[in-house]
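Containing PDB, C-alpha atoms: coords.pdb.
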ATOM      1  CA  MET D   1       0.000   0.000   0.000  1.00  0.00           C
ATOM      2  CA  THR D   2       3.027   2.252  -0.407  1.00  0.00           C
ATOM      3  CA  GLY D   3       1.981   5.397  -2.230  1.00  0.00           C
ATOM      4  CA  LEU D   4      -1.131   5.898  -0.098  1.00  0.00           C
ATOM      5  CA  PHE D   5       0.101   9.066   1.572  1.00  0.00           C
ATOM      6  CA  ARG D   6       1.481  10.471  -1.681  1.00  0.00           C
ATOM      7  CA  SER D   7      -1.928   9.862  -3.263  1.00  0.00           C
ATOM      8  CA  ILE D   8      -3.674  11.992  -0.623  1.00  0.00           C
ATOM      9  CA  GLN D   9      -0.910  14.593  -0.262  1.00  0.00           C
ATOM     10  CA  GLU D  10      -2.801  17.403  -2.023  1.00  0.00           C
ATOM     11  CA  SER D  11      -5.995  16.910  -0.018  1.00  0.00           C
ATOM     12  CA  PHE D  12      -3.937  16.563   3.178  1.00  0.00           C
ATOM     13  CA  LEU D  13      -2.081  19.784   2.307  1.00  0.00           C
ATOM     14  CA  ASP D  14      -5.359  21.618   1.682  1.00  0.00           C
ATOM     15  CA  ALA D  15      -6.756  20.291   4.973  1.00  0.00           C
ATOM     16  CA  VAL D  16      -3.750  21.487   6.973  1.00  0.00           C
ATOM     17  CA  ARG D  17      -3.830  24.896   5.265  1.00  0.00           C
ATOM     18  CA  SER D  18      -7.556  25.313   5.874  1.00  0.00           C
ATOM     19  CA  ASP D  19      -7.484  24.199   9.506  1.00  0.00           C
ATOM     20  CA  TYR D  20      -4.404  26.285  10.292  1.00  0.00           C
ATOM     21  CA  LEU D  21      -6.066  29.410   8.911  1.00  0.00           C
ATOM     22  CA  GLU D  22      -9.198  28.738  10.981  1.00  0.00           C
ATOM     23  CA  LEU D  23      -7.166  28.106  14.137  1.00  0.00           C
ATOM     24  CA  ALA D  24      -5.108  31.248  13.536  1.00  0.00           C
ATOM     25  CA  LYS D  25      -8.384  33.183  13.298  1.00  0.00           C
ATOM     26  CA  MET D  26      -9.454  31.691  16.622  1.00  0.00           C
ATOM     27  CA  ALA D  27      -6.131  32.732  18.162  1.00  0.00           C
ATOM     28  CA  GLY D  28      -6.722  36.270  16.925  1.00  0.00           C
ATOM     29  CA  SER D  29      -3.922  38.612  17.926  1.00  0.00           C
ATOM     30  CA  GLU D  30      -2.265  36.044  20.210  1.00  0.00           C
ATOM     31  CA  LYS D  31       1.358  35.295  19.259  1.00  0.00           C
ATOM     32  CA  ILE D  32       1.615  31.800  17.764  1.00  0.00           C
ATOM     33  CA  TYR D  33       4.994  30.251  18.556  1.00  0.00           C
ATOM     34  CA  ALA D  34       4.553  26.552  17.663  1.00  0.00           C
ATOM     35  CA  VAL D  35       2.622  24.370  15.232  1.00  0.00           C
ATOM     36  CA  ALA D  36       2.693  20.574  15.181  1.00  0.00           C
ATOM     37  CA  LEU D  37       1.082  17.781  13.246  1.00  0.00           C
ATOM     38  CA  VAL D  38       0.555  14.957  15.715  1.00  0.00           C
ATOM     39  CA  THR D  39      -0.095  11.309  14.944  1.00  0.00           C
ATOM     40  CA  ASP D  40      -0.159   8.125  16.977  1.00  0.00           C
ATOM     41  CA  THR D  41       2.095   5.073  16.975  1.00  0.00           C
ATOM     42  CA  TRP D  42       0.107   3.339  14.237  1.00  0.00           C
ATOM     43  CA  ILE D  43      -0.598   6.495  12.187  1.00  0.00           C
ATOM     44  CA  ASP D  44      -4.321   5.866  12.571  1.00  0.00           C
ATOM     45  CA  SER D  45      -5.102   9.528  13.169  1.00  0.00           C
ATOM     46  CA  VAL D  46      -3.596  12.971  12.915  1.00  0.00           C
ATOM     47  CA  TYR D  47      -4.358  16.360  14.392  1.00  0.00           C
ATOM     48  CA  LEU D  48      -3.012  19.856  13.981  1.00  0.00           C
ATOM     49  CA  GLY D  49      -2.124  21.747  17.120  1.00  0.00           C
ATOM     50  CA  LEU D  50      -0.862  25.247  17.645  1.00  0.00           C
ATOM     51  CA  ASN D  51      -0.019  27.195  20.724  1.00  0.00           C
ATOM     52  CA  THR D  52       0.255  30.840  21.597  1.00  0.00           C
ATOM     53  CA  GLU D  53       2.134  32.570  24.348  1.00  0.00           C
ATOM     54  CA  ALA D  54      -1.181  33.693  25.878  1.00  0.00           C
ATOM     55  CA  ALA D  55      -2.609  30.141  25.847  1.00  0.00           C
ATOM     56  CA  ALA D  56       0.595  28.745  27.396  1.00  0.00           C
ATOM     57  CA  ASN D  57       0.571  31.390  30.121  1.00  0.00           C
ATOM     58  CA  ALA D  58      -3.111  30.702  30.835  1.00  0.00           C
ATOM     59  CA  ARG D  59      -2.377  26.975  31.113  1.00  0.00           C
ATOM     60  CA  MET D  60       0.507  27.709  33.504  1.00  0.00           C
ATOM     61  CA  ALA D  61      -1.852  29.823  35.622  1.00  0.00           C
ATOM     62  CA  PHE D  62      -4.300  26.903  35.632  1.00  0.00           C
ATOM     63  CA  TYR D  63      -1.613  24.583  37.037  1.00  0.00           C
ATOM     64  CA  ARG D  64      -0.538  27.176  39.617  1.00  0.00           C
ATOM     65  CA  ASN D  65      -4.160  27.538  40.744  1.00  0.00           C
ATOM     66  CA  LYS D  66      -4.406  23.762  41.130  1.00  0.00           C
ATOM     67  CA  GLY D  67      -1.451  23.915  43.527  1.00  0.00           C
ATOM     68  CA  LYS D  68       1.081  22.306  41.232  1.00  0.00           C
ATOM     69  CA  THR D  69       4.452  23.108  42.758  1.00  0.00           C
ATOM     70  CA  ASN D  70       6.814  21.942  40.023  1.00  0.00           C
ATOM     71  CA  GLU D  71       6.235  24.950  37.790  1.00  0.00           C
ATOM     72  CA  GLU D  72       9.429  24.427  35.800  1.00  0.00           C
ATOM     73  CA  GLY D  73       8.444  20.831  35.009  1.00  0.00           C
ATOM     74  CA  TYR D  74       5.004  21.912  33.870  1.00  0.00           C
ATOM     75  CA  ARG D  75       6.380  24.782  31.792  1.00  0.00           C
ATOM     76  CA  ALA D  76       8.178  22.487  29.331  1.00  0.00           C
ATOM     77  CA  ALA D  77       5.061  20.362  28.865  1.00  0.00           C
ATOM     78  CA  VAL D  78       2.714  23.319  28.543  1.00  0.00           C
ATOM     79  CA  TRP D  79       4.931  25.097  26.039  1.00  0.00           C
ATOM     80  CA  TRP D  80       6.036  22.118  23.948  1.00  0.00           C
ATOM     81  CA  ALA D  81       3.634  19.166  24.359  1.00  0.00           C
ATOM     82  CA  PRO D  82       0.813  19.528  21.807  1.00  0.00           C
ATOM     83  CA  ALA D  83      -1.662  17.742  24.097  1.00  0.00           C
ATOM     84  CA  GLU D  84      -1.358  20.744  26.464  1.00  0.00           C
ATOM     85  CA  TRP D  85      -1.810  23.389  23.783  1.00  0.00           C
ATOM     86  CA  GLY D  86      -4.562  25.926  23.489  1.00  0.00           C
ATOM     87  CA  TYR D  87      -5.707  25.155  19.937  1.00  0.00           C
ATOM     88  CA  SER D  88      -6.233  22.087  17.773  1.00  0.00           C
ATOM     89  CA  ASN D  89      -8.384  21.153  14.818  1.00  0.00           C
ATOM     90  CA  ASP D  90     -10.723  19.474  17.340  1.00  0.00           C
ATOM     91  CA  ASP D  91     -11.821  23.032  18.220  1.00  0.00           C
ATOM     92  CA  LEU D  92     -13.174  23.516  14.696  1.00  0.00           C
ATOM     93  CA  THR D  93     -16.738  22.677  13.762  1.00  0.00           C
ATOM     94  CA  ASP D  94     -15.709  21.774  10.212  1.00  0.00           C
ATOM     95  CA  SER D  95     -12.144  20.475  10.469  1.00  0.00           C
ATOM     96  CA  LYS D  96     -10.754  19.331   7.143  1.00  0.00           C
ATOM     97  CA  ILE D  97      -8.038  17.274   8.851  1.00  0.00           C
ATOM     98  CA  SER D  98     -10.714  15.175  10.551  1.00  0.00           C
ATOM     99  CA  GLY D  99     -11.639  13.988   7.059  1.00  0.00           C
ATOM    100  CA  ILE D 100      -8.151  12.512   6.627  1.00  0.00           C
ATOM    101  CA  ASN D 101      -8.439  10.234   9.672  1.00  0.00           C
ATOM    102  CA  PRO D 102     -10.769   7.629   8.107  1.00  0.00           C
ATOM    103  CA  ILE D 103      -8.216   7.164   5.322  1.00  0.00           C
ATOM    104  CA  LEU D 104      -5.470   6.668   7.899  1.00  0.00           C
ATOM    105  CA  ARG D 105      -7.526   4.130   9.852  1.00  0.00           C
ATOM    106  CA  ASP D 106      -8.271   2.164   6.664  1.00  0.00           C
ATOM    107  CA  LYS D 107      -4.670   2.023   5.454  1.00  0.00           C
ATOM    108  CA  GLY D 108      -4.087  -1.596   6.477  1.00  0.00           C
ATOM    109  CA  GLU D 109      -0.834  -2.803   7.972  1.00  0.00           C
ATOM    110  CA  LEU D 110       1.652  -0.086   8.835  1.00  0.00           C
ATOM    111  CA  THR D 111       4.961  -1.069   7.279  1.00  0.00           C
ATOM    112  CA  HIS D 112       8.242   0.728   7.834  1.00  0.00           C
ATOM    113  CA  GLU D 113       8.067   2.022   4.250  1.00  0.00           C
ATOM    114  CA  LEU D 114       4.536   3.352   4.713  1.00  0.00           C
ATOM    115  CA  ALA D 115       5.483   5.071   7.981  1.00  0.00           C
ATOM    116  CA  ASN D 116       8.465   6.722   6.275  1.00  0.00           C
ATOM    117  CA  GLU D 117       6.218   7.855   3.446  1.00  0.00           C
ATOM    118  CA  PHE D 118       3.801   9.433   5.943  1.00  0.00           C
ATOM    119  CA  PHE D 119       6.566  11.435   7.619  1.00  0.00           C
ATOM    120  CA  GLU D 120       8.005  12.504   4.255  1.00  0.00           C
ATOM    121  CA  VAL D 121       4.564  13.714   3.149  1.00  0.00           C
ATOM    122  CA  VAL D 122       4.024  15.661   6.382  1.00  0.00           C
ATOM    123  CA  LEU D 123       7.463  17.267   6.038  1.00  0.00           C
ATOM    124  CA  ASP D 124       6.614  18.199   2.431  1.00  0.00           C
ATOM    125  CA  ILE D 125       3.294  19.687   3.568  1.00  0.00           C
ATOM    126  CA  PHE D 126       5.002  21.836   6.203  1.00  0.00           C
ATOM    127  CA  ARG D 127       7.653  22.952   3.703  1.00  0.00           C
ATOM    128  CA  THR D 128       5.091  23.841   1.044  1.00  0.00           C
ATOM    129  CA  LEU D 129       2.954  25.849   3.459  1.00  0.00           C
ATOM    130  CA  ASP D 130       6.043  27.548   4.848  1.00  0.00           C
ATOM    131  CA  GLN D 131       7.167  28.511   1.324  1.00  0.00           C
ATOM    132  CA  GLU D 132       3.687  29.935   0.742  1.00  0.00           C
ATOM    133  CA  GLY D 133       4.287  32.178   3.770  1.00  0.00           C
ATOM    134  CA  LEU D 134       1.471  30.642   5.788  1.00  0.00           C
ATOM    135  CA  PHE D 135       3.490  30.555   9.006  1.00  0.00           C
ATOM    136  CA  SER D 136       5.434  33.784   8.590  1.00  0.00           C
ATOM    137  CA  GLY D 137       2.715  36.246   7.637  1.00  0.00           C
ATOM    138  CA  ASN D 138       4.333  39.555   6.754  1.00  0.00           C
ATOM    139  CA  SER D 139       7.642  38.755   8.489  1.00  0.00           C
ATOM    140  CA  LYS D 140      10.806  38.091   6.548  1.00  0.00           C
ATOM    141  CA  GLU D 141      11.809  35.337   8.950  1.00  0.00           C
ATOM    142  CA  ARG D 142       9.424  32.829  10.481  1.00  0.00           C
ATOM    143  CA  ASP D 143       9.449  32.715  14.283  1.00  0.00           C
ATOM    144  CA  ILE D 144       7.000  29.830  14.639  1.00  0.00           C
ATOM    145  CA  THR D 145       8.527  26.430  15.406  1.00  0.00           C
ATOM    146  CA  LEU D 146       7.177  23.617  13.224  1.00  0.00           C
ATOM    147  CA  PHE D 147       7.462  19.935  14.099  1.00  0.00           C
ATOM    148  CA  ILE D 148       5.879  16.491  13.892  1.00  0.00           C
ATOM    149  CA  SER D 149       4.929  14.611  17.050  1.00  0.00           C
ATOM    150  CA  ILE D 150       3.746  11.125  17.963  1.00  0.00           C
ATOM    151  CA  SER D 151       1.511  10.862  21.007  1.00  0.00           C
ATOM    152  CA  ASP D 152       2.356   8.340  23.730  1.00  0.00           C
ATOM    153  CA  ASP D 153       5.289   6.766  21.926  1.00  0.00           C
ATOM    154  CA  GLU D 154       8.871   6.099  22.986  1.00  0.00           C
ATOM    155  CA  ARG D 155      10.048   7.773  19.759  1.00  0.00           C
ATOM    156  CA  THR D 156       8.228  11.053  20.440  1.00  0.00           C
ATOM    157  CA  GLU D 157      11.224  13.192  21.360  1.00  0.00           C
ATOM    158  CA  ALA D 158      13.397  11.753  18.568  1.00  0.00           C
ATOM    159  CA  VAL D 159      10.700  12.381  15.921  1.00  0.00           C
ATOM    160  CA  GLU D 160      10.041  15.879  17.243  1.00  0.00           C
ATOM    161  CA  ASN D 161      13.744  16.772  17.310  1.00  0.00           C
ATOM    162  CA  HIS D 162      14.467  15.327  13.877  1.00  0.00           C
ATOM    163  CA  SER D 163      11.519  17.047  12.232  1.00  0.00           C
ATOM    164  CA  ALA D 164      12.299  20.347  13.971  1.00  0.00           C
ATOM    165  CA  LYS D 165      15.856  20.205  12.612  1.00  0.00           C
ATOM    166  CA  LEU D 166      14.531  19.700   9.085  1.00  0.00           C
ATOM    167  CA  LEU D 167      11.873  22.424   9.239  1.00  0.00           C
ATOM    168  CA  ASN D 168      13.281  25.344  11.218  1.00  0.00           C
ATOM    169  CA  SER D 169      16.075  27.903  11.346  1.00  0.00           C
ATOM    170  CA  LYS D 170      19.147  27.296  13.517  1.00  0.00           C
ATOM    171  CA  ASN D 171      17.856  29.685  16.174  1.00  0.00           C
ATOM    172  CA  LEU D 172      14.460  28.001  16.436  1.00  0.00           C
ATOM    173  CA  VAL D 173      16.065  24.550  16.453  1.00  0.00           C
ATOM    174  CA  GLU D 174      18.418  25.512  19.281  1.00  0.00           C
ATOM    175  CA  VAL D 175      15.554  26.689  21.474  1.00  0.00           C
ATOM    176  CA  PHE D 176      13.495  23.621  20.601  1.00  0.00           C
ATOM    177  CA  LEU D 177      16.260  21.101  21.279  1.00  0.00           C
ATOM    178  CA  ASN D 178      16.828  22.698  24.690  1.00  0.00           C
ATOM    179  CA  ARG D 179      13.130  22.902  25.545  1.00  0.00           C
ATOM    180  CA  TYR D 180      13.386  20.551  28.530  1.00  0.00           C
ATOM    181  CA  ARG D 181      16.692  21.921  29.809  1.00  0.00           C
ATOM    182  CA  HIS D 182      15.552  25.534  29.976  1.00  0.00           C
ATOM    183  CA  ALA D 183      12.026  25.001  31.138  1.00  0.00           C
TER     184      ALA D 183
END
Go through the file and emit its structure as structure tokens.
Amino acid sequence: MTGLFRSIQESFLDAVRSDYLELAKMAGSEKIYAVALVTDTWIDSVYLGLNTEAAANARMAFYRNKGKTNEEGYRAAVWWAPAEWGYSNDDLTDSKISGINPILRDKGELTHELANEFFEVVLDIFRTLDQEGLFSGNSKERDITLFISISDDERTEAVENHSAKLLNSKNLVEVFLNRYRHA
């Protein structure tokens, strides 16, 4: 079934573009600093998450109000773990990415080749949208960190780090790679 993700690349690209624009509208004037496409171990689903400084600070305040004392430990998760973020395509009433998930669930056996193809397609989608200026707006240099994540998987940090290195400037990569050291 190799070729599956290449065959849906254009519709996947359009879905990510559409959902990102809707989520950015929801965020309004809040400063977006990170965007991730998140899948699971078996690539049975995908979601788009983004976070803003305001949403991260609000989440930190939530943890402080709950009496969480390890603020530094929570900071890294709140700022860099998509499951903690303020916005995802699940917040949209008409998410286009949600339409991709049935295709992922029906893909059959996940081979190493098919998994590699998925990650290559997602990297291509991020690169295409970045070249279109979707993530940089009117700025000359993008200051939003892009990466791929896998939820609840032992490879999560390695996938995130590798994708961040391929998608971002040296400065953004340096901050990202040190995200748990400088929490």
Please tabulate, as a Markdown table, the residues of stretch 42-123 of chain D that come within 10 Å of stretch 168-183 of chain D, each with its closest pair of atoms and the distance in Å to one decimal, counting only C-alpha atoms and ordering rows by chain, then residue number upward.
| residue | atom | partner | partner_atom | distance |
| --- | --- | --- | --- | --- |
| D:Glu71 | CA | D:Ala183 | CA | 8.8 |
| D:Glu72 | CA | D:Ala183 | CA | 5.4 |
| D:Gly73 | CA | D:Ala183 | CA | 6.7 |
| D:Tyr74 | CA | D:Ala183 | CA | 8.1 |
| D:Arg75 | CA | D:Ala183 | CA | 5.7 |
| D:Ala76 | CA | D:Ala183 | CA | 4.9 |
| D:Ala77 | CA | D:Tyr180 | CA | 8.3 |
| D:Val78 | CA | D:Ala183 | CA | 9.8 |
| D:Trp79 | CA | D:Arg179 | CA | 8.5 |
| D:Trp80 | CA | D:Arg179 | CA | 7.3 |
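For D:Ala81, the list of residues within 12 Å, based on all atoms listed in the file and with local chain neighbours fewer than 6 positions off taken out, reads Ala34, Val35, Ala36, Leu37, Val38, Gly49, Leu50, Asn51, Ala56, Arg59, Gly73, Tyr74, Arg75, Tyr87, Phe147, Ile148, Ser149, Ile150, Ser151, Asp152, Thr156, Glu157, Glu160, Phe176, Arg179 and Tyr180 of chain D.
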The selected residues should be written to file as a PDB file, keeping the file's coordinate frame (atoms: C-alpha atoms).
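This is the output file again_28.pdb:
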ATOM      1  CA  ALA D  34       4.553  26.552  17.663  1.00  0.00           C
ATOM      2  CA  VAL D  35       2.622  24.370  15.232  1.00  0.00           C
ATOM      3  CA  ALA D  36       2.693  20.574  15.181  1.00  0.00           C
ATOM      4  CA  LEU D  37       1.082  17.781  13.246  1.00  0.00           C
ATOM      5  CA  VAL D  38       0.555  14.957  15.715  1.00  0.00           C
ATOM      6  CA  GLY D  49      -2.124  21.747  17.120  1.00  0.00           C
ATOM      7  CA  LEU D  50      -0.862  25.247  17.645  1.00  0.00           C
ATOM      8  CA  ASN D  51      -0.019  27.195  20.724  1.00  0.00           C
ATOM      9  CA  ALA D  56       0.595  28.745  27.396  1.00  0.00           C
ATOM     10  CA  ARG D  59      -2.377  26.975  31.113  1.00  0.00           C
ATOM     11  CA  GLY D  73       8.444  20.831  35.009  1.00  0.00           C
ATOM     12  CA  TYR D  74       5.004  21.912  33.870  1.00  0.00           C
ATOM     13  CA  ARG D  75       6.380  24.782  31.792  1.00  0.00           C
ATOM     14  CA  TYR D  87      -5.707  25.155  19.937  1.00  0.00           C
ATOM     15  CA  PHE D 147       7.462  19.935  14.099  1.00  0.00           C
ATOM     16  CA  ILE D 148       5.879  16.491  13.892  1.00  0.00           C
ATOM     17  CA  SER D 149       4.929  14.611  17.050  1.00  0.00           C
ATOM     18  CA  ILE D 150       3.746  11.125  17.963  1.00  0.00           C
ATOM     19  CA  SER D 151       1.511  10.862  21.007  1.00  0.00           C
ATOM     20  CA  ASP D 152       2.356   8.340  23.730  1.00  0.00           C
ATOM     21  CA  THR D 156       8.228  11.053  20.440  1.00  0.00           C
ATOM     22  CA  GLU D 157      11.224  13.192  21.360  1.00  0.00           C
ATOM     23  CA  GLU D 160      10.041  15.879  17.243  1.00  0.00           C
ATOM     24  CA  PHE D 176      13.495  23.621  20.601  1.00  0.00           C
ATOM     25  CA  ARG D 179      13.130  22.902  25.545  1.00  0.00           C
ATOM     26  CA  TYR D 180      13.386  20.551  28.530  1.00  0.00           C
TER      27      TYR D 180
END
Determine the residue membership of the PyMOL selection byres ((chain D and resi 18) around 12) for the file above and supply it as an MDAnalysis selection string.
-> chainID D and resid 11:17 19:25 48 89 92 94:98 129 134
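The two atoms in question, atom CA of D:Leu167 and atom CA of D:Asn101, are spaced 23.7 Å apart.
Candidate residues D:Thr111, D:Ser163, D:Asn57, D:Ser45 were compared for distance to D:Gly86, and the nearest is D:Asn57, using only C-alpha atoms.
When all atoms listed in the file are used to compute distances to D:Glu30, the closest of the residues D:Tyr47, D:Asp130, D:Phe5, D:Ala58 turns out to be D:Ala58.
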Which of D:Asp124, D:Gly137, D:Phe119, D:Tyr63 sits closest to D:His162 [using all atoms listed in the file] | D:Phe119
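Here atom CA of D:Asn116 stands at a distance of 13.6 Å from atom CA of D:Arg155.
Checking D:Gly133, D:Gly28, D:Gly108, D:Pro82 one by one against D:Val46, counting all atoms listed in the file, you find the shortest gap at D:Pro82.
Taken over the shown file, the PyMOL selection byres ((chain D and resi 114) around 8) identifies Met1, Thr2, Gly3, Leu4, Phe5, Leu110, Thr111, His112, Glu113, Ala115, Asn116, Glu117 and Phe118 of chain D.
Going from atom CA of D:Thr41 to atom CA of D:Glu109 covers 12.3 Å.
For the choices D:Ser88, D:Thr52, D:Thr93, D:Asn65, the atom-to-atom distance to D:Asp143 is smallest for D:Thr52 when using only C-alpha atoms.
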Could the centre and edge lengths of an axis-aligned box, enclosing all atoms of stretch 29-37 of chain D in the file with 3 Å extra on each side, be given in Å to one decimal as JSON?
{"center_x": 0.5, "center_y": 28.2, "center_z": 16.7, "size_x": 14.9, "size_y": 26.8, "size_z": 13.0}
D:Asp91, D:Ser7, D:Met26, D:Asp40: which is nearest D:Val159, counting only C-alpha atoms?
-> D:Asp40
